[in-house]
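Okay, structure first, notes after.
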Amino acid sequence: MNVVVTGGAGFIGANLCRELSARPSIGRIIALDDLSTGRAANLEGVDAELVEGTILDPDLLDDVVSSADAVVHLAARPSVPRSLADPFASHETNATGTVRVLEACRRRGSHMVAASSSSVYGAVPTLPKHEDLPTRPLSPYAASKLATEAYVLGHGASFGLPVLALRFFNVYGPLQPAGHAYAAVVPAFIDAMLRGAPVTVFGDGLQTRDFTYVGTIVRVLADAVLREVTCPGPVNLAFGTRVSIRELIQHLAAVVGGQPPSVQHRAARPGDVRDSQAADHVLRGLFPDVTPVPLDEGLAETVRWF
Ligand code: NAD
């Protein structure tokens, strides 16, 4: 079975390529990535072929997807603040780029598994977030990820393409970069703590997130590919572990050891949601064998990697 991973040199993509390369029934793995946020070095020692290019190039896509039984579509311009800085760029990659990938899959008849985001729930206050809730995006990023999953599910309904749209929540783990303005919270905190610097919290720190270890995510993605799992609606990919940012600091302080970090508060960021927690019954129905890595174990693995 041959697999294309768009965004395969990124954080989740490179972890996925490593996971797939360890599965005996997987043949060729192609990581298609423009290296805008991903790094070729993430694939060092992984049995995957890196094709450097953009999902916005239909000829390149046709070529790359021509022998693919499955495409895991992770390429995107991630992050809410980045989308506020340049909404059109988010739209172009996340919405237009997804249609390009879908069209290549349609021509080949490939199974398509795509990353959506919990940010699509946005301003809807209900917890836990279940897939039947309305969506109210709070940022261009969230709107573009809603377009991602809508196009994926639309192609499934219109053309009978086998598709699965997974709403990732807050994913963390090895290869997630720190040290830049758009860094995710877990690597940003670990990086600060290991340097003995204060951690920066936007808002009061009581906002909550549902964190999933990347090892759990890639096991679900590999399973989805191998069993050609499909679903006519979006599926949450998180397990309902709701943790506030203040609690996250305590968990990390216990793992890192030493003095608890000092905390620097800054204004809450526009576009950020207040609370997040996944309902996981649809996911568990589709992937009954998956057991999530517990938070403290995943954080310890991540700190070890740093
Ligand atoms: P990432 O930035 O590490 O990965 C995205 C990859 O896509 C990068 O390697 C980047 O170079 C590549 N890319 C961007 N534009 C491209 C283009 N036009 N053509 C080809 N490649 C392109 O981010 P990630 O955290 O690994 O995210 C992977 C996916 O998961 C994204 O779709 C993201 O929206 C989604 N997601 C991630 C999280 C999370 O917590 N990390 C949460 C929700 C959704």
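Each chain in the structure tokens gets a letter, A, B and so on, in the order shown; residues start at 1 in every chain, and ligands are counted from 1 in the order they appear.
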Can you list, as a PyMOL selection string, all residues belonging to region 6-190 of chain A that DSSP tags as alpha helix (DSSP H)? chain A and resi 11-21+58-65+80-85+87-91+97-108+140-159+185-190
Could you tell me, counting only C-alpha atoms and all ligand atoms, which protein and nucleic acid residues lie no more than 6 Å from ligand 1, written as a ChimeraX atom specification? /A:6-13,32-38,53-56,74-78,93,115-117,168-171
For region 134-140 of chain A, please output as number ranges by chain all residues within 10 Å (counting only C-alpha atoms; exclusion window: fewer than 2 positions along the same chain). A: 79-91, 118-124, 126, 129-132, 142-146, 270-273
Give one line per residue of region 210-275 of chain A that approaches region 283-302 of chain A to at most 6 Å, naming the two atoms of the closest pair and their distance in Å to one decimal, counting only C-alpha atoms; sort by chain then ascending residue number and deliver it as a tab-separated table.
residue	atom	partner	partner_atom	distance
A:Tyr213	CA	A:Gly298	CA	5.5
A:Thr216	CA	A:Pro292	CA	5.5
A:Val255	CA	A:Ala300	CA	5.9
Would you export the selected residues with N, CA and C atoms as a PDB file, in the first residue's frame, please?
ATOM      1  N   TYR A 213      -1.330  13.513  22.653  1.00  0.00           N
ATOM      2  CA  TYR A 213       0.061  13.212  22.310  1.00  0.00           C
ATOM      3  C   TYR A 213       0.137  12.789  20.839  1.00  0.00           C
ATOM      4  N   THR A 216      -0.316   9.179  19.739  1.00  0.00           N
ATOM      5  CA  THR A 216      -1.696   8.678  19.652  1.00  0.00           C
ATOM      6  C   THR A 216      -2.310   9.086  18.308  1.00  0.00           C
ATOM      7  N   VAL A 255       7.182  17.402  35.598  1.00  0.00           N
ATOM      8  CA  VAL A 255       7.995  16.594  34.675  1.00  0.00           C
ATOM      9  C   VAL A 255       9.406  17.171  34.545  1.00  0.00           C
TER      10      VAL A 255
END
Selection: 12 Å around Arg18 (chain A), only C-alpha atoms, excl. self and same-chain fewer than 3 positions, as a PDB file with C-alpha atoms, in the first residue's frame:
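What landed in around-v3.pdb:
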ATOM      1  CA  VAL A   5       1.477  12.498   3.303  1.00  0.00           C
ATOM      2  CA  GLY A   8       4.907  15.191   5.629  1.00  0.00           C
ATOM      3  CA  ALA A   9       7.954  17.191   6.777  1.00  0.00           C
ATOM      4  CA  GLY A  10       5.940  19.013   9.447  1.00  0.00           C
ATOM      5  CA  PHE A  11       5.441  18.141  13.106  1.00  0.00           C
ATOM      6  CA  ILE A  12       2.554  15.663  12.784  1.00  0.00           C
ATOM      7  CA  GLY A  13       3.456  14.667   9.206  1.00  0.00           C
ATOM      8  CA  ALA A  14       7.003  13.548  10.014  1.00  0.00           C
ATOM      9  CA  ASN A  15       5.798  11.627  13.073  1.00  0.00           C
ATOM     10  CA  SER A  21       7.439   3.248   7.803  1.00  0.00           C
ATOM     11  CA  ALA A  22       7.284   0.833  10.746  1.00  0.00           C
ATOM     12  CA  ARG A  23       4.133  -0.861   9.376  1.00  0.00           C
ATOM     13  CA  ILE A  26       2.927   0.004   3.909  1.00  0.00           C
ATOM     14  CA  ILE A  29       5.724   6.708   1.477  1.00  0.00           C
ATOM     15  CA  ILE A  30       5.939  10.134  -0.181  1.00  0.00           C
ATOM     16  CA  ALA A  31       6.043  13.289   1.939  1.00  0.00           C
ATOM     17  CA  ASN A  42      12.391  15.939  10.531  1.00  0.00           C
ATOM     18  CA  LEU A  43      12.495  12.983   8.116  1.00  0.00           C
ATOM     19  CA  GLU A  44      16.108  11.986   8.744  1.00  0.00           C
ATOM     20  CA  GLY A  45      16.312   8.227   9.283  1.00  0.00           C
ATOM     21  CA  VAL A  46      12.705   7.732   8.110  1.00  0.00           C
ATOM     22  CA  ASP A  47      12.031   5.511   5.095  1.00  0.00           C
ATOM     23  CA  ALA A  48      10.021   8.190   3.236  1.00  0.00           C
ATOM     24  CA  GLU A  49      10.749  10.118   0.064  1.00  0.00           C
ATOM     25  CA  PRO A 174       8.469  15.488  19.650  1.00  0.00           C
ATOM     26  CA  LEU A 175       9.307  17.604  16.550  1.00  0.00           C
ATOM     27  CA  VAL A 214       1.272  12.998  18.699  1.00  0.00           C
ATOM     28  CA  GLY A 215       2.022   9.274  19.103  1.00  0.00           C
ATOM     29  CA  VAL A 218      -0.332   8.984  14.245  1.00  0.00           C
ATOM     30  CA  ARG A 219      -1.545   5.580  15.433  1.00  0.00           C
ATOM     31  CA  LEU A 221      -4.013   8.017  11.208  1.00  0.00           C
ATOM     32  CA  ALA A 222      -2.088   4.840  10.337  1.00  0.00           C
TER      33      ALA A 222
END
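Between Gly233 (chain A) and the residues A:Leu194, A:Val71, A:Val163, A:Leu102, the shortest atom-to-atom distance, using only C-alpha atoms, involves A:Val163.
Taking CA of Asn2 (chain A) as the reference point, CA of Ala70 (chain A) is found at 6.7 Å.
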Could you pull out the strand (DSSP E) residues of region 22-73 of chain A, going by DSSP on the backbone, and write them as a tab-separated table (two decimals) with N, CA and C atoms, in the first residue's frame?
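result.tsv, written as the output of this step:
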chain	number	residue	atom	x	y	z
A	29	ILE	N	6.28	5.54	0.76
A	29	ILE	CA	5.72	6.71	1.48
A	29	ILE	C	6.32	7.96	0.84
A	30	ILE	N	5.46	8.86	0.36
A	30	ILE	CA	5.94	10.13	-0.18
A	30	ILE	C	5.45	11.27	0.72
A	31	ALA	N	6.39	12.09	1.17
A	31	ALA	CA	6.04	13.29	1.94
A	31	ALA	C	6.11	14.47	0.97
A	32	LEU	N	4.96	15.08	0.70
A	32	LEU	CA	4.93	16.26	-0.18
A	32	LEU	C	4.86	17.50	0.70
A	33	ASP	N	5.87	18.35	0.60
A	33	ASP	CA	5.95	19.48	1.54
A	33	ASP	C	6.70	20.62	0.89
A	49	GLU	N	10.13	9.29	1.10
A	49	GLU	CA	10.75	10.12	0.06
A	49	GLU	C	10.17	11.53	0.18
A	50	LEU	N	11.03	12.52	0.35
A	50	LEU	CA	10.54	13.90	0.44
A	50	LEU	C	10.48	14.53	-0.96
A	51	VAL	N	9.28	14.96	-1.36
A	51	VAL	CA	9.13	15.72	-2.60
A	51	VAL	C	8.86	17.16	-2.19
A	52	GLU	N	9.78	18.05	-2.54
A	52	GLU	CA	9.63	19.45	-2.15
A	52	GLU	C	8.78	20.17	-3.18
A	70	ALA	N	-3.61	5.82	-0.67
A	70	ALA	CA	-4.18	6.72	0.34
A	70	ALA	C	-3.37	8.00	0.41
A	71	VAL	N	-4.07	9.10	0.71
A	71	VAL	CA	-3.40	10.38	0.93
A	71	VAL	C	-3.83	10.88	2.30
A	72	VAL	N	-2.85	11.17	3.14
A	72	VAL	CA	-3.15	11.81	4.42
A	72	VAL	C	-2.79	13.28	4.24
A	73	HIS	N	-3.81	14.12	4.28
A	73	HIS	CA	-3.63	15.53	3.92
A	73	HIS	C	-3.47	16.37	5.19
